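Source file: input_11.txt. Holds: compact mmCIF, C-alpha atoms and all ligand atoms.
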# COMPACT_ATOMS: atom_id res chain seq x y z
CA MET A 195 5.51 -122.04 -138.34
CA GLU A 196 2.32 -120.31 -139.45
CA ILE A 197 2.35 -116.55 -139.42
CA LYS A 198 -0.67 -116.42 -137.11
CA LYS A 199 1.02 -118.58 -134.52
CA LYS A 200 4.19 -116.49 -134.75
CA THR A 201 2.22 -113.29 -134.21
CA ILE A 202 0.51 -114.71 -131.13
CA LEU A 203 3.87 -115.76 -129.68
CA PHE A 204 5.33 -112.32 -130.43
CA ILE A 205 2.44 -110.53 -128.70
CA ARG A 206 2.73 -112.91 -125.76
CA ASP A 207 6.44 -112.08 -125.40
CA ILE A 208 5.71 -108.34 -125.42
CA LEU A 209 2.95 -108.70 -122.82
CA ILE A 210 5.24 -110.73 -120.56
CA SER A 211 7.97 -108.05 -120.87
CA ILE A 212 5.51 -105.28 -119.99
CA ALA A 213 4.21 -107.31 -117.04
CA VAL A 214 7.74 -107.92 -115.72
CA VAL A 215 8.67 -104.23 -115.97
CA GLY A 216 5.32 -103.30 -114.38
CA VAL A 217 5.83 -105.61 -111.41
CA ILE A 218 9.37 -104.30 -110.85
CA LEU A 219 8.21 -100.65 -111.04
CA ALA A 220 5.23 -101.31 -108.76
CA SER A 221 7.41 -102.93 -106.12
CA LEU A 222 9.98 -100.11 -106.33
CA TRP A 223 7.21 -97.54 -105.87
CA ALA A 224 5.65 -99.55 -103.05
CA TYR A 225 9.00 -99.68 -101.26
CA THR A 226 10.06 -96.05 -101.81
CA GLY A 227 6.65 -94.35 -101.68
CA GLN A 228 7.72 -92.01 -104.50
CA PHE A 229 4.86 -92.60 -106.97
CA PRO A 230 4.47 -90.93 -109.48
CA ASN A 231 8.04 -89.63 -109.23
CA SER A 232 11.12 -91.69 -110.01
CA PRO A 233 11.93 -94.21 -107.27
CA MET A 234 15.64 -93.89 -108.10
CA VAL A 235 18.25 -91.22 -108.70
CA VAL A 236 21.52 -91.30 -110.63
CA VAL A 237 24.50 -90.01 -108.66
CA THR A 238 26.53 -87.43 -110.59
CA SER A 239 29.31 -86.27 -108.26
CA GLU A 240 32.27 -87.57 -106.28
CA SER A 241 31.23 -85.92 -103.01
CA MET A 242 30.19 -89.21 -101.33
CA MET A 243 33.12 -91.34 -102.57
CA HIS A 244 35.45 -93.24 -100.24
CA GLU A 245 39.16 -93.48 -100.98
CA ASN A 246 39.53 -97.12 -99.96
CA ALA A 247 36.60 -98.42 -102.05
CA PRO A 248 37.30 -101.77 -103.73
CA PHE A 249 37.45 -102.26 -107.52
CA GLY A 250 34.00 -101.41 -108.92
CA LYS A 251 33.17 -99.40 -105.79
CA ILE A 252 30.18 -101.43 -104.60
CA GLY A 253 28.99 -100.30 -101.14
CA THR A 254 29.70 -96.59 -101.55
CA ILE A 255 27.95 -93.83 -103.49
CA ASP A 256 29.87 -92.93 -106.64
CA PRO A 257 29.21 -91.17 -109.96
CA GLY A 258 27.02 -93.41 -112.11
CA ASP A 259 25.43 -95.31 -109.20
CA LEU A 260 21.65 -95.63 -109.05
CA VAL A 261 20.14 -95.53 -105.56
CA LEU A 262 16.57 -95.94 -104.34
CA VAL A 263 14.98 -92.91 -102.66
CA LYS A 264 12.78 -94.00 -99.73
CA SER A 265 10.27 -91.41 -98.48
CA ILE A 266 10.60 -90.35 -94.84
CA ASN A 267 7.90 -89.90 -92.22
CA GLY A 268 9.23 -86.77 -90.57
CA LYS A 269 12.43 -85.85 -88.79
CA ASP A 270 12.69 -88.94 -86.56
CA ASP A 271 12.78 -91.19 -89.62
CA VAL A 272 16.32 -89.99 -90.38
CA GLU A 273 19.13 -91.43 -88.29
CA THR A 274 22.00 -88.98 -87.92
CA ARG A 275 25.62 -90.11 -87.75
CA GLY A 276 26.90 -87.82 -85.00
CA PRO A 277 30.63 -87.25 -84.35
CA LYS A 278 32.98 -89.01 -86.78
CA ASP A 279 34.91 -90.87 -84.06
CA ASN A 280 31.95 -91.47 -81.76
CA PRO A 281 28.90 -92.08 -83.98
CA THR A 282 25.45 -91.94 -82.40
CA ALA A 283 23.89 -94.08 -85.15
CA LYS A 284 23.97 -97.84 -84.96
CA HIS A 285 23.40 -98.72 -88.58
CA ARG A 286 25.88 -98.21 -91.40
CA THR A 287 25.07 -97.14 -94.94
CA TYR A 288 27.51 -96.57 -97.78
CA GLY A 289 30.73 -96.78 -95.78
CA ASP A 290 29.84 -94.76 -92.65
CA TYR A 291 27.19 -94.55 -89.90
CA GLY A 292 23.74 -92.97 -90.21
CA ASP A 293 21.41 -92.22 -93.11
CA VAL A 294 22.26 -90.60 -96.42
CA ILE A 295 19.48 -88.25 -97.55
CA ILE A 296 18.48 -86.67 -100.86
CA TYR A 297 17.25 -83.12 -100.41
CA ILE A 298 16.58 -79.86 -102.26
CA PRO A 299 19.05 -77.26 -100.93
CA ASP A 300 18.48 -73.64 -99.97
CA LYS A 301 21.37 -72.16 -101.94
CA ASN A 302 20.45 -68.48 -101.63
CA LYS A 303 19.93 -68.96 -97.87
CA ASP A 304 16.55 -67.32 -97.55
CA GLY A 305 15.24 -70.19 -95.44
CA LYS A 306 13.28 -71.78 -98.29
CA ARG A 307 14.44 -74.60 -100.52
CA ASP A 308 15.31 -73.56 -104.07
CA ARG A 309 12.88 -75.61 -106.12
CA ASN A 310 15.01 -75.53 -109.28
CA ALA A 311 18.26 -76.51 -107.54
CA THR A 312 19.78 -79.92 -108.26
CA PRO A 313 19.04 -82.28 -105.35
CA ILE A 314 21.99 -83.12 -103.09
CA ILE A 315 22.71 -86.63 -101.80
CA HIS A 316 24.72 -86.34 -98.56
CA ARG A 317 24.92 -87.85 -95.09
CA ALA A 318 22.78 -86.54 -92.21
CA ILE A 319 25.31 -85.67 -89.48
CA CYS A 320 23.23 -84.07 -86.72
CA TRP A 321 20.09 -82.08 -85.97
CA VAL A 322 20.48 -78.46 -84.93
CA GLU A 323 17.58 -77.13 -82.91
CA LYS A 324 17.13 -73.36 -82.88
CA ASN A 325 15.57 -72.68 -79.48
CA GLU A 326 12.93 -70.04 -78.79
CA ASP A 327 15.51 -67.78 -77.12
CA GLY A 328 17.70 -67.91 -80.25
CA THR A 329 20.30 -70.32 -78.83
CA TYR A 330 21.23 -73.65 -80.41
CA THR A 331 21.17 -77.24 -79.19
CA ILE A 332 22.85 -80.17 -80.96
CA LYS A 333 22.46 -83.35 -78.90
CA GLU A 334 24.83 -85.44 -81.04
CA TYR A 335 27.74 -83.10 -80.27
CA GLY A 336 26.78 -82.29 -76.68
CA ILE A 337 26.01 -78.65 -77.51
CA GLN A 338 23.29 -77.03 -75.35
CA ASN A 339 21.83 -73.54 -75.51
CA ALA A 340 24.92 -72.16 -77.26
CA THR A 341 24.81 -68.69 -78.81
CA SER A 342 26.64 -70.00 -81.91
CA ILE A 343 27.89 -73.34 -83.26
CA THR A 344 31.53 -74.37 -83.62
CA ILE A 345 32.30 -77.92 -84.77
CA ASP A 346 35.79 -78.23 -86.25
CA GLU A 347 35.32 -81.54 -88.08
CA LEU A 348 32.36 -80.06 -89.98
CA GLY A 349 34.07 -76.74 -90.74
CA LEU A 350 31.55 -74.75 -88.67
CA HIS A 351 32.87 -71.73 -86.73
CA ASN A 352 30.54 -69.41 -84.84
CA TYR A 353 27.76 -70.55 -87.12
CA LYS A 354 24.33 -69.01 -86.50
CA PRO A 355 21.78 -70.74 -88.73
CA PRO A 356 18.41 -69.02 -89.28
CA HIS A 357 16.35 -72.12 -88.44
CA SER A 358 16.40 -75.72 -87.16
CA GLY A 359 17.36 -78.55 -89.48
CA PHE A 360 19.83 -81.28 -90.37
CA ILE A 361 23.53 -80.57 -90.79
CA THR A 362 24.59 -82.62 -93.83
CA LYS A 363 27.94 -83.49 -95.37
CA GLY A 364 29.41 -85.40 -98.30
CA ASP A 365 31.69 -88.18 -97.01
CA ASN A 366 34.37 -86.97 -99.43
CA ASN A 367 34.03 -83.27 -98.52
CA ASN A 368 36.08 -81.45 -95.87
CA GLU A 369 33.24 -79.17 -94.85
CA CYS A 370 29.53 -79.69 -94.26
CA ASP A 371 26.92 -78.33 -96.68
CA GLN A 372 25.98 -75.60 -94.21
CA CYS A 373 29.38 -73.96 -94.87
CA GLY A 374 28.02 -72.79 -98.22
CA LEU A 375 25.66 -75.13 -100.06
CA SER A 376 22.52 -74.75 -97.95
CA THR A 377 21.02 -73.66 -94.64
CA PRO A 378 20.15 -76.58 -92.27
CA VAL A 379 17.92 -79.04 -94.08
CA LYS A 380 14.27 -78.94 -93.02
CA PRO A 381 12.50 -82.33 -93.09
CA SER A 382 10.09 -81.00 -95.77
CA TRP A 383 13.06 -80.44 -98.14
CA ILE A 384 14.02 -84.11 -97.97
CA ILE A 385 12.96 -86.19 -100.97
CA GLY A 386 13.98 -89.38 -99.20
CA LYS A 387 16.79 -91.44 -97.74
CA ALA A 388 19.11 -93.44 -99.95
CA ARG A 389 18.72 -97.20 -99.96
CA GLY A 390 20.40 -99.91 -102.03
CA GLU A 391 22.75 -99.47 -104.96
CA ILE A 392 22.77 -100.43 -108.61
CA PRO A 393 26.36 -99.66 -109.52
CA TRP A 394 27.66 -98.31 -112.87
CA PHE A 395 24.41 -98.40 -114.92
CA GLY A 396 23.61 -94.74 -114.27
CA LEU A 397 26.66 -93.95 -116.41
CA ILE A 398 24.50 -94.74 -119.45
CA LYS A 399 22.25 -91.80 -118.57
CA LEU A 400 25.24 -89.58 -117.72
CA MET A 401 26.80 -90.36 -121.12
CA ILE A 402 23.88 -88.46 -122.66
CA PHE A 403 23.06 -85.84 -120.00
CA GLY A 404 26.56 -85.33 -118.61
CA ASN A 405 28.02 -84.79 -115.15
CA ASP A 406 30.54 -81.99 -115.71
CA GLY A 407 32.97 -81.69 -112.83
CA GLY A 408 31.47 -84.85 -111.31
CA TYR A 409 34.82 -86.60 -111.00
CA ASP A 410 38.37 -85.35 -111.46
CA GLY A 411 40.52 -88.14 -109.96
CA PRO A 412 43.73 -89.29 -111.72
CA ASP A 413 41.93 -92.38 -113.08
CA SER A 414 39.03 -90.44 -114.58
CA VAL A 415 37.80 -91.53 -118.00
CA ARG A 416 35.33 -89.57 -120.13
CA ILE A 417 32.93 -91.39 -122.45
CA GLY A 418 30.24 -89.34 -124.15
CA ARG A 419 29.36 -86.60 -121.64
CA ALA A 420 30.04 -88.76 -118.57
CA VAL A 421 33.22 -88.68 -116.52
CA ALA A 422 33.88 -91.44 -113.97
CA PRO A 423 36.65 -93.64 -112.52
CA LYS A 424 38.13 -96.18 -114.92
CA ASP A 425 37.13 -99.25 -112.85
CA GLU A 426 33.45 -98.27 -113.02
CA TRP A 427 33.61 -98.12 -116.82
CA ILE A 428 35.28 -101.53 -116.93
CA CYS A 429 32.56 -103.02 -114.70
CA LEU A 430 29.81 -101.42 -116.81
CA GLY A 431 31.40 -102.80 -119.99
CA LEU A 432 31.71 -106.29 -118.55
CA SER A 433 28.12 -106.22 -117.26
CA LEU A 434 26.74 -105.11 -120.63
CA PHE A 435 28.81 -107.84 -122.27
CA VAL A 436 27.30 -110.48 -120.00
CA ILE A 437 23.73 -109.13 -120.34
CA ILE A 438 23.67 -108.41 -124.08
CA VAL A 439 26.53 -110.01 -125.99
CA ILE A 440 26.52 -113.51 -124.51
CA PRO A 441 22.74 -114.20 -124.91
CA THR A 442 22.83 -112.71 -128.43
CA ALA A 443 25.82 -114.84 -129.41
CA TRP A 444 24.03 -117.89 -127.99
CA ASP A 445 20.94 -117.15 -130.12
CA ILE A 446 23.04 -116.73 -133.25
CA TYR A 447 24.89 -119.97 -132.51
CA ASN A 448 21.60 -121.85 -132.13
CA PHE A 449 20.20 -120.29 -135.28
CA TYR A 450 23.12 -121.55 -137.38
CA LYS A 451 23.17 -124.91 -135.68
CA ARG A 452 19.48 -125.38 -136.53
CA ARG A 453 20.04 -124.29 -140.13
CA LYS A 454 22.94 -126.70 -140.46
CA SER A 455 20.86 -129.63 -139.24
CA GLU A 456 18.06 -128.60 -141.65
CA GLU A 457 20.55 -128.46 -144.52
CA PHE A 458 21.79 -131.85 -143.47
CA ARG A 459 18.29 -133.26 -143.66
CA LEU A 460 17.82 -131.84 -147.17
CA CA B 501 29.21 -97.46 -105.79
CA CA B 502 16.13 -70.46 -100.98
Using structure tokens, write down the structure that the file contains.
Amino acid sequence: MEIKKKTILFIRDILISIAVVGVILASLWAYTGQFPNSPMVVVTSESMMHENAPFGKIGTIDPGDLVLVKSINGKDDVETRGPKDNPTAKHRTYGDYGDVIIYIPDKNKDGKRDRNATPIIHRAICWVEKNEDGTYTIKEYGIQNATSITIDELGLHNYKPPHSGFITKGDNNNECDQCGLSTPVKPSWIIGKARGEIPWFGLIKLMIFGNDGGYDGPDSVRIGRAVAPKDEWICLGLSLFVIIVIPTAWDIYNFYKRRKSEEFRL
């Protein structure tokens, strides 16, 4: 083949690749409304894991998962779960009822989100309304005009939050975030709600950037700076094998086959 023709084909291939990536990115941004920020996040911790997850843990949020972050249009755009045994939400996401949200926490509890804090990805359980007279109302739990909040299953006892917001909780945690991680989550602190799941591939990022303390189960395996359950590593390895090794091997096979037939002709 002439060099000129080869060059044209090479440039064409590159342009097609760029176009494909561009279309994918554009549709992810269109869906999530996050432009120019990343439409996805990599999950680092075990706080949303479910014990009974199947091999590979598809359908729950685990270390190394990538999830889409869909912008919200205010408070009513988040569906809360409500009580564990009597959920108020109809739709299920990631192994339980209600929406999972990604938000910037208020760790020092001054009523403002801490801009430099690592975002938290946890389930929205209920909305606490701080009334004008200082009492609290939580519809999901049947609490009305109470002087303080006590909900055993969330670990809240005589809780008196400084403002209205969402009570949030990791599915794998015993207590809600408002027991220590953050004050109730104001809608403006929410980056988005979690949608979809690309399992395992976030581990590639975590191998470089790390997720210390992200997972400490008995089947934990550390590769590079990432620590995750063994089955996730196996699934990542198999996926990479299918995506990279098999097509490459096929190309090499064809290359030698062609050379053989050329030799034969000579
Ligand atoms: Ca998962
Ligand atoms: Ca703060």
Inset, instruction - Excluding region 242-258 of chain A and any residue of its chain fewer than 3 positions from it, enumerate the residues within 10 Å of it, using all atoms listed in the file, and give them as a PyMOL selection string. - result: chain A and resi 235-239+261+287-290+294+315-317+363-367+388+390-401+405+408-409+420-430
Legend entry - Test item: residues no farther than 9 Å from ligand CA 502 (chain B), counting only C-alpha atoms and all ligand atoms, as a list in words: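 So, counting only C-alpha atoms and all ligand atoms, the residues near ligand CA 502 (chain B) are Pro299, Asp300, Lys301, Asn302, Lys303, Asp304, Gly305, Lys306, Arg307, Asp308, Arg309, Ser376 and Thr377 of chain A.
Distance annotation: of A:Asp327, A:Asp371, A:Asp271, A:Asp259, the residue with the minimal separation from ligand CA 501 (chain B) is A:Asp259; atom set is all atoms listed in the file.
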Legend entry - Which residue of A:Ile202, A:Ile210, A:Leu260, A:Ala220 approaches ligand CA 501 (chain B) most closely, using all atoms listed in the file: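 Distance minimum relative to ligand CA 501 (chain B) lands on A:Leu260.
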Legend entry - Non-local contacts of Asn325 (chain A) (12 Å; all atoms listed in the file; under 3 positions in same chain excluded) as a list in words: Val322, Gly328, Thr329, Tyr330, Thr331, Ile332, Gln338, Asn339, Ala340, Thr341, Ser342, Lys354, Pro355, Pro356, His357, Ser358 and Gly359 of chain A
Legend entry - Long-range neighbours of Ile298 (chain A) as a list of chain:residue names, 8 Å cut-off, only C-alpha atoms, 5 positions minimum in chain: A:Arg307, A:Asp308, A:Arg309, A:Ala311, A:Thr312, A:Pro313, A:Ile314, A:Trp383, A:Ile384, A:Ile385
Inset, instruction - Rank nothing, just name the residue among A:Glu196, A:Asp207, A:Glu240, A:Asp445 nearest to ligand CA 501 (chain B), using all atoms listed in the file. - result: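 Selected residue with least distance to ligand CA 501 (chain B): A:Glu240.
If you look at CA of Trp444 (chain A) and CA of Val217 (chain A), they are 27.5 Å away from each other.
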